[in-house]
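Below is one structure; the comments refer to it alone.
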Amino acid sequence: MAILEILKLPDSRLKEIAEEVTAFDDELHSFISDLEETRLDGPAAVGIAATQVGRLQRIVIIDCSNTRKPVPNHGRLVLVNPEITEWDGFELGREGCLSVPDYTGNVIRAEKIKVKAMDPAGLASEYEMEGFEARALQHEVDHLDGILFVDRLVSRRTDLFQRKVYRKGGAQKT
Amino acid sequence: MDWQMLTLVGEDQPGIVAQVTDALYQSGFNLGETSMIRLGGNFTIMMMVGSAQAQGDLTRQLAPVAEKLGLQLHLDPIRGALHQHRVPNFQVRVNGADRAGIVARVTGVLAVCGFNILELESDVVGTEQEPVYIMTIQGYSESTLESLEAALGELKAKDIDVHVSPIETLIG
């Protein structure tokens, strides 16, 4: 077990696209233990991606079971090769990041998502997530694609784009 | 680094920020945190401006560009430093028909609750005949959601539509 060094902006490795995991071996499991220990070491992080410790592989951990106000969640999830397959709705929320110290800002994320992923043993499963947990997963999957939340910031004055006012065949005129 | 707070106000036009910050850069000053917004069609900006070494009189060095752009300039020495961000844990939203005293009443209740306002924005929208007031506040308080709701609930009885919600900042 070891606490790994967190890469910080502007480290260029944070902008890289991570590779799929193909070997579900002891070395992977040992790395996952270190990654979890690293997540728990810092300020209360609900998620961490392998990219943040300089390992450019598609591995994330999220755990939304310990928020101030309880939110719907699946407990601690170690997700290998996660893939978001469906997005629904928009929600504005405040985010920070272990890789961007001393800064928080507003980001628009999908409200509900469906996720396909493997567990550390290589078994595939699917999840439906909403709200805070969906936000956490989107934040971590972004890391695997070389995207930080600061790349998605919106102004405090930005209104959410209200898709609901549009209907098939164009906006209704009143 | 010693910081000063530079405030500039004037009629808005494209290119103000570029010209002002270029003048600061050419004079050897650094920028810290800044905030610019249009208020009632006016350009307004506040900037933390600092320099490692004494660079002379900033007011005099900015006078030409301020005069050219028609900006009122104000400069204050400040205490304070970078990396002092606090993360808000509550948001308060107010909206309704515009009338006198809304801000004072809402923020008065929050102050009694020990609520530290970190960001406040308010606007009068709607039409001239029917102005609508919108305010959002983000801040930090040790109080519980329930006690803030109870305190602000008294305003609802006075016809001020006010909502408080927790902000759970995601760190990932």
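Every chain in the structure tokens has a letter given in the order shown (A, B, ...), and although residue numbers restart at 1 in each chain, ligands are simply numbered from 1 in the order shown.
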
(message) Give me, as JSON, numbers by chain, the residues of range 20-92 of chain A that a backbone DSSP run labels strand (DSSP E or B).
(response) {"A": [47, 48, 49, 57, 59, 60, 61, 62, 63, 76, 77, 78, 79, 80, 81, 82, 83, 84, 85, 86, 87, 88, 91, 92]}

Go through chain A residue by residue and, counting only C-alpha atoms, keep those with an atom at most 7 Å from chain B; for each kept residue give the shortest atom pair and its distance in Å to one decimal, ordered by chain and increasing number, as a Markdown table.
```
| residue | atom | partner | partner_atom | distance |
| --- | --- | --- | --- | --- |
| A:Ala44 | CA | B:Ile171 | CA | 6.9 |
| A:Ala45 | CA | B:Ile171 | CA | 4.8 |
| A:Val46 | CA | B:Gly172 | CA | 5.7 |
| A:Gly47 | CA | B:Gly172 | CA | 4.4 |
| A:Ile48 | CA | B:Gly172 | CA | 5.5 |
| A:Arg94 | CA | B:Thr169 | CA | 5.0 |
| A:Glu95 | CA | B:Leu170 | CA | 4.6 |
| A:Gly96 | CA | B:Ile171 | CA | 4.6 |
| A:Cys97 | CA | B:Gly172 | CA | 4.8 |
| A:Leu98 | CA | B:Gly172 | CA | 6.1 |
| A:Asp102 | CA | B:His83 | CA | 6.2 |
| A:Ala136 | CA | B:Gly172 | CA | 6.7 |
| A:His139 | CA | B:Gly172 | CA | 6.8 |
| A:Glu140 | CA | B:Gly172 | CA | 6.7 |
```

I need the residues from that last selection saved to file as a compact mmCIF listing (two decimals), in the first residue's frame (with N, CA, C and O atoms), if you can.
```txt
# COMPACT_ATOMS: atom_id res chain seq x y z
N ALA A 44 -11.73 15.46 1.51
CA ALA A 44 -12.82 14.53 1.21
C ALA A 44 -13.17 14.39 -0.27
O ALA A 44 -14.12 15.00 -0.75
N ALA A 45 -12.45 13.57 -0.99
CA ALA A 45 -12.73 13.36 -2.42
C ALA A 45 -13.71 12.21 -2.58
O ALA A 45 -13.52 11.15 -1.99
N VAL A 46 -14.76 12.42 -3.39
CA VAL A 46 -15.71 11.35 -3.64
C VAL A 46 -15.28 10.50 -4.83
O VAL A 46 -15.89 9.48 -5.12
N GLY A 47 -14.22 10.93 -5.51
CA GLY A 47 -13.77 10.15 -6.65
C GLY A 47 -12.32 10.41 -6.98
O GLY A 47 -11.74 11.41 -6.54
N ILE A 48 -11.75 9.47 -7.73
CA ILE A 48 -10.38 9.65 -8.22
C ILE A 48 -10.24 8.83 -9.49
O ILE A 48 -10.90 7.79 -9.65
N ARG A 94 -21.56 22.51 -8.22
CA ARG A 94 -20.23 23.04 -7.93
C ARG A 94 -19.23 21.89 -7.79
O ARG A 94 -19.50 20.92 -7.12
N GLU A 95 -18.09 22.05 -8.44
CA GLU A 95 -17.07 21.00 -8.39
C GLU A 95 -15.71 21.58 -8.06
O GLU A 95 -15.42 22.73 -8.31
N GLY A 96 -14.91 20.72 -7.46
CA GLY A 96 -13.50 20.98 -7.27
C GLY A 96 -12.75 19.73 -7.65
O GLY A 96 -13.37 18.75 -8.07
N CYS A 97 -11.44 19.73 -7.50
CA CYS A 97 -10.67 18.60 -7.99
C CYS A 97 -9.35 18.51 -7.24
O CYS A 97 -8.72 19.53 -6.98
N LEU A 98 -8.95 17.28 -6.91
CA LEU A 98 -7.65 17.09 -6.25
C LEU A 98 -6.51 17.64 -7.11
O LEU A 98 -5.48 18.05 -6.59
N ASP A 102 -7.47 24.65 -4.41
CA ASP A 102 -7.87 26.03 -4.11
C ASP A 102 -8.82 26.63 -5.14
O ASP A 102 -8.84 27.82 -5.35
N ALA A 136 -20.29 12.73 -10.17
CA ALA A 136 -18.96 12.23 -9.80
C ALA A 136 -18.39 11.34 -10.91
O ALA A 136 -17.23 11.46 -11.29
N HIS A 139 -17.33 13.40 -13.88
CA HIS A 139 -16.08 14.11 -13.57
C HIS A 139 -14.87 13.17 -13.74
O HIS A 139 -13.87 13.55 -14.34
N GLU A 140 -15.01 11.93 -13.24
CA GLU A 140 -13.87 10.99 -13.30
C GLU A 140 -13.64 10.47 -14.72
O GLU A 140 -12.50 10.34 -15.15
```

(request) List every residue of range 116-151 of chain B that DSSP, applied to the backbone, labels as helix (DSSP H, G or I), and write the result as a PyMOL selection string. (result) chain B and resi 145-151

(request) Tell me which of A:Ser30, A:Asn81, A:Ser99, A:Thr38 sits closest to Ala18 in chain A, counting only C-alpha atoms. (result)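 For Ala18 in chain A, the nearest of the candidates is A:Asn81.
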
(message) Quick check, in Å to one decimal: how far apart do CA of Ala52 in chain B and CA of Asp2 in chain B lie?
(response)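 Between these atoms lies a distance of 7.3 Å.
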
(message) I want to know what sits within 9 Å of Glu5 in chain A, based on only C-alpha atoms, with residues of the same chain fewer than 3 positions away left out; could you give that as a ChimeraX atom specification?
(response) /A:38,52-54

Would you pick out the contacts of Gln61 in chain B at 9 Å or less, using only C-alpha atoms, so that residues sharing its chain but fewer than 6 positions from it are not included, and give the list as a PDB file with all heavy atoms, in the first residue's frame?
```pdb
ATOM      1  N   ALA B  23      -1.671  48.075 -20.044  1.00  0.00           N
ATOM      2  CA  ALA B  23      -0.993  49.177 -19.352  1.00  0.00           C
ATOM      3  C   ALA B  23      -0.395  48.696 -18.029  1.00  0.00           C
ATOM      4  O   ALA B  23       0.731  49.072 -17.665  1.00  0.00           O
ATOM      5  CB  ALA B  23      -1.978  50.327 -19.098  1.00  0.00           C
ATOM      6  N   LEU B  24      -1.127  47.830 -17.328  1.00  0.00           N
ATOM      7  CA  LEU B  24      -0.611  47.281 -16.064  1.00  0.00           C
ATOM      8  C   LEU B  24       0.630  46.420 -16.310  1.00  0.00           C
ATOM      9  O   LEU B  24       1.638  46.524 -15.609  1.00  0.00           O
ATOM     10  CB  LEU B  24      -1.689  46.438 -15.371  1.00  0.00           C
ATOM     11  CG  LEU B  24      -2.870  47.209 -14.781  1.00  0.00           C
ATOM     12  CD1 LEU B  24      -4.005  46.260 -14.439  1.00  0.00           C
ATOM     13  CD2 LEU B  24      -2.430  47.979 -13.531  1.00  0.00           C
ATOM     14  N   SER B  27       3.657  48.344 -17.131  1.00  0.00           N
ATOM     15  CA  SER B  27       4.192  49.060 -15.978  1.00  0.00           C
ATOM     16  C   SER B  27       4.785  48.113 -14.930  1.00  0.00           C
ATOM     17  O   SER B  27       5.223  48.564 -13.875  1.00  0.00           O
ATOM     18  CB  SER B  27       3.094  49.899 -15.309  1.00  0.00           C
ATOM     19  OG  SER B  27       2.468  50.727 -16.260  1.00  0.00           O
TER      20      SER B  27
END
```

(request) Give the answer as one residue: which of B:Ala97, B:Val106, B:Met5, B:Val132 has the shortest atom-to-atom distance to Val164 in chain B, using only C-alpha atoms? (result)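 Ranking B:Ala97, B:Val106, B:Met5, B:Val132 by distance to Val164 in chain B, first place goes to B:Val106.
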
(message) Taking 4 positions as the minimum chain separation for residues in the same chain, which residues sit within 12 Å of Gln19 in chain B when counting only C-alpha atoms? Answer as a PyMOL selection string.
(response) chain B and resi 13-15+23-26+62+64-69+71

Since we have the selection now, will you write its residues out, keeping C-alpha atoms, as an mmCIF file, in the first residue's frame?
```cif
data_model
loop_
_atom_site.group_PDB
_atom_site.id
_atom_site.type_symbol
_atom_site.label_atom_id
_atom_site.label_comp_id
_atom_site.auth_asym_id
_atom_site.auth_seq_id
_atom_site.Cartn_x
_atom_site.Cartn_y
_atom_site.Cartn_z
ATOM 1 C CA GLN B 13 -17.181 49.475 -24.806
ATOM 2 C CA PRO B 14 -15.182 46.608 -26.332
ATOM 3 C CA GLY B 15 -11.457 46.532 -25.539
ATOM 4 C CA ALA B 23 -0.993 49.177 -19.352
ATOM 5 C CA LEU B 24 -0.611 47.281 -16.064
ATOM 6 C CA TYR B 25 1.645 44.690 -17.670
ATOM 7 C CA GLN B 26 3.810 47.322 -19.356
ATOM 8 C CA LEU B 62 -2.878 54.338 -15.511
ATOM 9 C CA PRO B 64 -3.617 58.073 -19.715
ATOM 10 C CA VAL B 65 -5.534 54.880 -20.462
ATOM 11 C CA ALA B 66 -8.280 55.706 -17.926
ATOM 12 C CA GLU B 67 -8.720 59.136 -19.455
ATOM 13 C CA LYS B 68 -8.777 57.782 -23.002
ATOM 14 C CA LEU B 69 -11.464 55.219 -22.092
ATOM 15 C CA LEU B 71 -13.035 55.458 -16.768
#
```

(message) Residues near Glu149 in chain B, anyone? I mean within 10 Å using only C-alpha atoms, not counting same-chain ones fewer than 4 positions away, as a VMD selection string.
(response) chain B and resid 92 144 to 145 153 to 154 162 to 165
